[in-house]
Amino acid sequence: MAMTDDPTNKLAWMLVDLIVPGVRFAVLLSDDGLRIAHTGDISIADAERFAAGASGLRSLGKALAEFCGAAKSLRQNMTEYDNGMVFITAAGQGALLGISTTADVDISLIAHRMNELAARVGRELASLPRQG
């Protein structure tokens, strides 16, 4: 099934720029761990599990921020495993961006692309304040 065929994955087009050599998949998720969109080599069920885990990892990072000089100063999580890495960064109000990579990925390219996309996604997902 193409990502456009899945009605629950309408925002997947935002993530396509992240699929570069070494990236397995990307997931856009809410702060509370719900999948918003995904792209790459991952099923819907696994994208939902990844979203839940990424949200938890993000929370742990926030809990440790005070030990790096300032509470609530978390910019990006990077966790390295034997066969790859997981990156998580804020992507606007209440949204996160998570990526899984192979071990031989260009870390600086991924960080750069994630930061660019996070700024774009934040603008796309932001809603205007309600007028009273």
# chains A, B, ... in the order shown; residues from 1 in each chain; ligands from 1

$ residues_around --residues "A:Ala90" --least-positions-apart "5" --cutoff "8 Å" --atoms "only C-alpha atoms" --output "ChimeraX atom specification"
/A:75-76,95-97,118

$ write_last_selection --atoms "N, CA, C and O atoms" --output "short mmCIF file (atom, residue, chain, number, x, y, z; two decimals), in the first residue's frame"
data_model
loop_
_atom_site.label_atom_id
_atom_site.label_comp_id
_atom_site.auth_asym_id
_atom_site.auth_seq_id
_atom_site.Cartn_x
_atom_site.Cartn_y
_atom_site.Cartn_z
N ARG A 75 17.05 19.42 23.53
CA ARG A 75 16.91 19.75 22.11
C ARG A 75 16.64 18.51 21.28
O ARG A 75 15.76 18.49 20.46
N GLN A 76 17.48 17.49 21.47
CA GLN A 76 17.37 16.29 20.66
C GLN A 76 17.88 15.09 21.43
O GLN A 76 18.88 15.19 22.14
N ALA A 95 4.35 18.13 19.09
CA ALA A 95 4.73 17.11 18.11
C ALA A 95 6.21 16.80 18.21
O ALA A 95 7.02 17.65 18.57
N LEU A 96 6.56 15.57 17.86
CA LEU A 96 7.94 15.11 17.84
C LEU A 96 8.22 14.44 16.52
O LEU A 96 7.30 13.94 15.86
N LEU A 97 9.48 14.37 16.18
CA LEU A 97 9.93 13.71 14.98
C LEU A 97 10.94 12.65 15.41
O LEU A 97 11.90 12.96 16.11
N ALA A 118 11.76 19.88 11.25
CA ALA A 118 11.04 20.22 12.48
C ALA A 118 10.50 21.64 12.42
O ALA A 118 9.37 21.90 12.84
#

$ closest_atom_pairs --of "stretch 51-119 of chain A" --to "stretch 9-28 of chain A" --cutoff "6 Å" --atoms "only C-alpha atoms" --output "CSV"
residue,atom,partner,partner_atom,distance
A:Leu96,CA,A:Leu28,CA,5.9
A:Leu97,CA,A:Leu28,CA,4.7
A:Gly98,CA,A:Val27,CA,5.1
A:Ile99,CA,A:Ala26,CA,4.4
A:Ser100,CA,A:Arg24,CA,5.5
A:Thr101,CA,A:Val23,CA,4.3
A:Thr102,CA,A:Gly22,CA,5.1
A:Val105,CA,A:Gly22,CA,4.7

$ write_last_selection --atoms "N, CA and C atoms" --output "mmCIF file, in the first residue's frame"
data_model
loop_
_atom_site.group_PDB
_atom_site.id
_atom_site.type_symbol
_atom_site.label_atom_id
_atom_site.label_comp_id
_atom_site.auth_asym_id
_atom_site.auth_seq_id
_atom_site.Cartn_x
_atom_site.Cartn_y
_atom_site.Cartn_z
ATOM 1 N N LEU A 96 6.556 15.571 17.863
ATOM 2 C CA LEU A 96 7.939 15.112 17.844
ATOM 3 C C LEU A 96 8.215 14.437 16.520
ATOM 4 N N LEU A 97 9.483 14.369 16.176
ATOM 5 C CA LEU A 97 9.932 13.708 14.979
ATOM 6 C C LEU A 97 10.936 12.649 15.406
ATOM 7 N N GLY A 98 10.717 11.400 15.013
ATOM 8 C CA GLY A 98 11.624 10.312 15.359
ATOM 9 C C GLY A 98 12.126 9.620 14.107
ATOM 10 N N ILE A 99 13.405 9.228 14.129
ATOM 11 C CA ILE A 99 14.022 8.562 12.984
ATOM 12 C C ILE A 99 14.831 7.375 13.483
ATOM 13 N N SER A 100 14.776 6.285 12.748
ATOM 14 C CA SER A 100 15.633 5.138 12.988
ATOM 15 C C SER A 100 16.608 5.015 11.832
ATOM 16 N N THR A 101 17.879 4.786 12.149
ATOM 17 C CA THR A 101 18.915 4.720 11.119
ATOM 18 C C THR A 101 19.747 3.446 11.252
ATOM 19 N N THR A 102 20.556 3.203 10.256
ATOM 20 C CA THR A 102 21.568 2.159 10.337
ATOM 21 C C THR A 102 22.777 2.732 11.082
ATOM 22 N N VAL A 105 25.104 5.762 9.177
ATOM 23 C CA VAL A 105 24.437 6.969 8.700
ATOM 24 C C VAL A 105 25.299 8.209 8.963
#

$ closest_residue --among "A:Leu117, A:Ala37, A:Ile110, A:Leu29" --to "A:Ala54" --atoms "only C-alpha atoms"
A:Leu29

$ select_by_dssp --residues "chain A" --states "strand (DSSP E or B)" --output "number ranges by chain"
A: 23-30, 35-40, 76-81, 84-90, 95-102

$ atom_distance --atom1 "atom CA of A:Phe50" --atom2 "atom CA of A:Val86"
10.0 Å

$ select_by_dssp --residues "chain A" --states "alpha helix (DSSP H)" --output "PyMOL selection string"
chain A and resi 44-64+107-125

$ write_last_selection --atoms "N, CA and C atoms" --output "short mmCIF file (atom, residue, chain, number, x, y, z; two decimals), in the first residue's frame"
data_model
loop_
_atom_site.label_atom_id
_atom_site.label_comp_id
_atom_site.auth_asym_id
_atom_site.auth_seq_id
_atom_site.Cartn_x
_atom_site.Cartn_y
_atom_site.Cartn_z
N ILE A 44 2.38 0.16 9.94
CA ILE A 44 1.59 1.05 10.80
C ILE A 44 1.72 0.62 12.26
N ALA A 45 1.58 -0.67 12.51
CA ALA A 45 1.65 -1.18 13.89
C ALA A 45 3.01 -0.87 14.52
N ASP A 46 4.09 -1.09 13.77
CA ASP A 46 5.42 -0.81 14.31
C ASP A 46 5.66 0.70 14.46
N ALA A 47 5.09 1.50 13.56
CA ALA A 47 5.21 2.96 13.69
C ALA A 47 4.50 3.42 14.97
N GLU A 48 3.39 2.80 15.30
CA GLU A 48 2.68 3.14 16.53
C GLU A 48 3.48 2.73 17.76
N ARG A 49 4.12 1.56 17.72
CA ARG A 49 4.99 1.14 18.84
C ARG A 49 6.20 2.05 18.97
N PHE A 50 6.80 2.42 17.83
CA PHE A 50 7.94 3.33 17.84
C PHE A 50 7.53 4.68 18.45
N ALA A 51 6.36 5.18 18.07
CA ALA A 51 5.89 6.47 18.58
C ALA A 51 5.75 6.44 20.10
N ALA A 52 5.20 5.35 20.62
CA ALA A 52 5.04 5.23 22.07
C ALA A 52 6.40 5.19 22.76
N GLY A 53 7.34 4.42 22.22
CA GLY A 53 8.67 4.33 22.80
C GLY A 53 9.45 5.63 22.70
N ALA A 54 9.33 6.31 21.55
CA ALA A 54 10.03 7.58 21.35
C ALA A 54 9.53 8.64 22.33
N SER A 55 8.23 8.64 22.58
CA SER A 55 7.67 9.59 23.54
C SER A 55 8.22 9.33 24.94
N GLY A 56 8.31 8.06 25.30
CA GLY A 56 8.89 7.71 26.60
C GLY A 56 10.35 8.10 26.71
N LEU A 57 11.11 7.85 25.65
CA LEU A 57 12.52 8.22 25.65
C LEU A 57 12.69 9.73 25.76
N ARG A 58 11.82 10.46 25.09
CA ARG A 58 11.85 11.93 25.16
C ARG A 58 11.60 12.39 26.60
N SER A 59 10.64 11.77 27.27
CA SER A 59 10.34 12.12 28.66
C SER A 59 11.53 11.86 29.57
N LEU A 60 12.21 10.75 29.35
CA LEU A 60 13.41 10.45 30.15
C LEU A 60 14.49 11.51 29.91
N GLY A 61 14.65 11.92 28.67
CA GLY A 61 15.62 12.97 28.36
C GLY A 61 15.30 14.27 29.08
N LYS A 62 14.01 14.62 29.14
CA LYS A 62 13.61 15.83 29.85
C LYS A 62 13.92 15.71 31.34
N ALA A 63 13.72 14.53 31.90
CA ALA A 63 13.98 14.32 33.32
C ALA A 63 15.46 14.49 33.66
N LEU A 64 16.33 14.23 32.70
CA LEU A 64 17.77 14.34 32.94
C LEU A 64 18.35 15.70 32.56
N ILE A 107 25.52 11.31 10.63
CA ILE A 107 24.82 11.91 11.76
C ILE A 107 24.57 13.41 11.55
N SER A 108 25.55 14.10 11.02
CA SER A 108 25.37 15.55 10.82
C SER A 108 24.31 15.84 9.77
N LEU A 109 24.24 15.04 8.72
CA LEU A 109 23.20 15.22 7.71
C LEU A 109 21.82 14.97 8.31
N ILE A 110 21.69 13.92 9.11
CA ILE A 110 20.40 13.60 9.73
C ILE A 110 19.98 14.71 10.68
N ALA A 111 20.88 15.16 11.53
CA ALA A 111 20.55 16.23 12.47
C ALA A 111 20.12 17.49 11.73
N HIS A 112 20.83 17.83 10.66
CA HIS A 112 20.50 19.01 9.86
C HIS A 112 19.12 18.87 9.22
N ARG A 113 18.87 17.73 8.58
CA ARG A 113 17.57 17.51 7.93
C ARG A 113 16.43 17.51 8.94
N MET A 114 16.67 16.91 10.10
CA MET A 114 15.63 16.87 11.13
C MET A 114 15.30 18.28 11.62
N ASN A 115 16.31 19.09 11.86
CA ASN A 115 16.07 20.45 12.34
C ASN A 115 15.33 21.28 11.30
N GLU A 116 15.71 21.14 10.03
CA GLU A 116 14.98 21.85 8.97
C GLU A 116 13.52 21.41 8.91
N LEU A 117 13.32 20.10 8.93
CA LEU A 117 11.95 19.58 8.84
C LEU A 117 11.14 19.93 10.08
N ALA A 118 11.76 19.88 11.25
CA ALA A 118 11.04 20.22 12.48
C ALA A 118 10.50 21.64 12.42
N ALA A 119 11.28 22.56 11.88
CA ALA A 119 10.82 23.94 11.74
C ALA A 119 9.64 24.01 10.77
N ARG A 120 9.74 23.29 9.66
CA ARG A 120 8.66 23.28 8.66
C ARG A 120 7.41 22.61 9.21
N VAL A 121 7.58 21.48 9.88
CA VAL A 121 6.44 20.75 10.45
C VAL A 121 5.75 21.60 11.50
N GLY A 122 6.53 22.29 12.32
CA GLY A 122 5.96 23.16 13.35
C GLY A 122 5.05 24.20 12.75
N ARG A 123 5.47 24.78 11.64
CA ARG A 123 4.63 25.77 10.96
C ARG A 123 3.38 25.12 10.38
N GLU A 124 3.52 23.93 9.80
CA GLU A 124 2.38 23.24 9.17
C GLU A 124 1.35 22.81 10.21
N LEU A 125 1.82 22.35 11.38
CA LEU A 125 0.91 21.82 12.38
C LEU A 125 0.36 22.87 13.33
#

$ atom_distance --atom1 "atom CA of A:Ala65" --atom2 "atom CA of A:Asp31"
16.8 Å
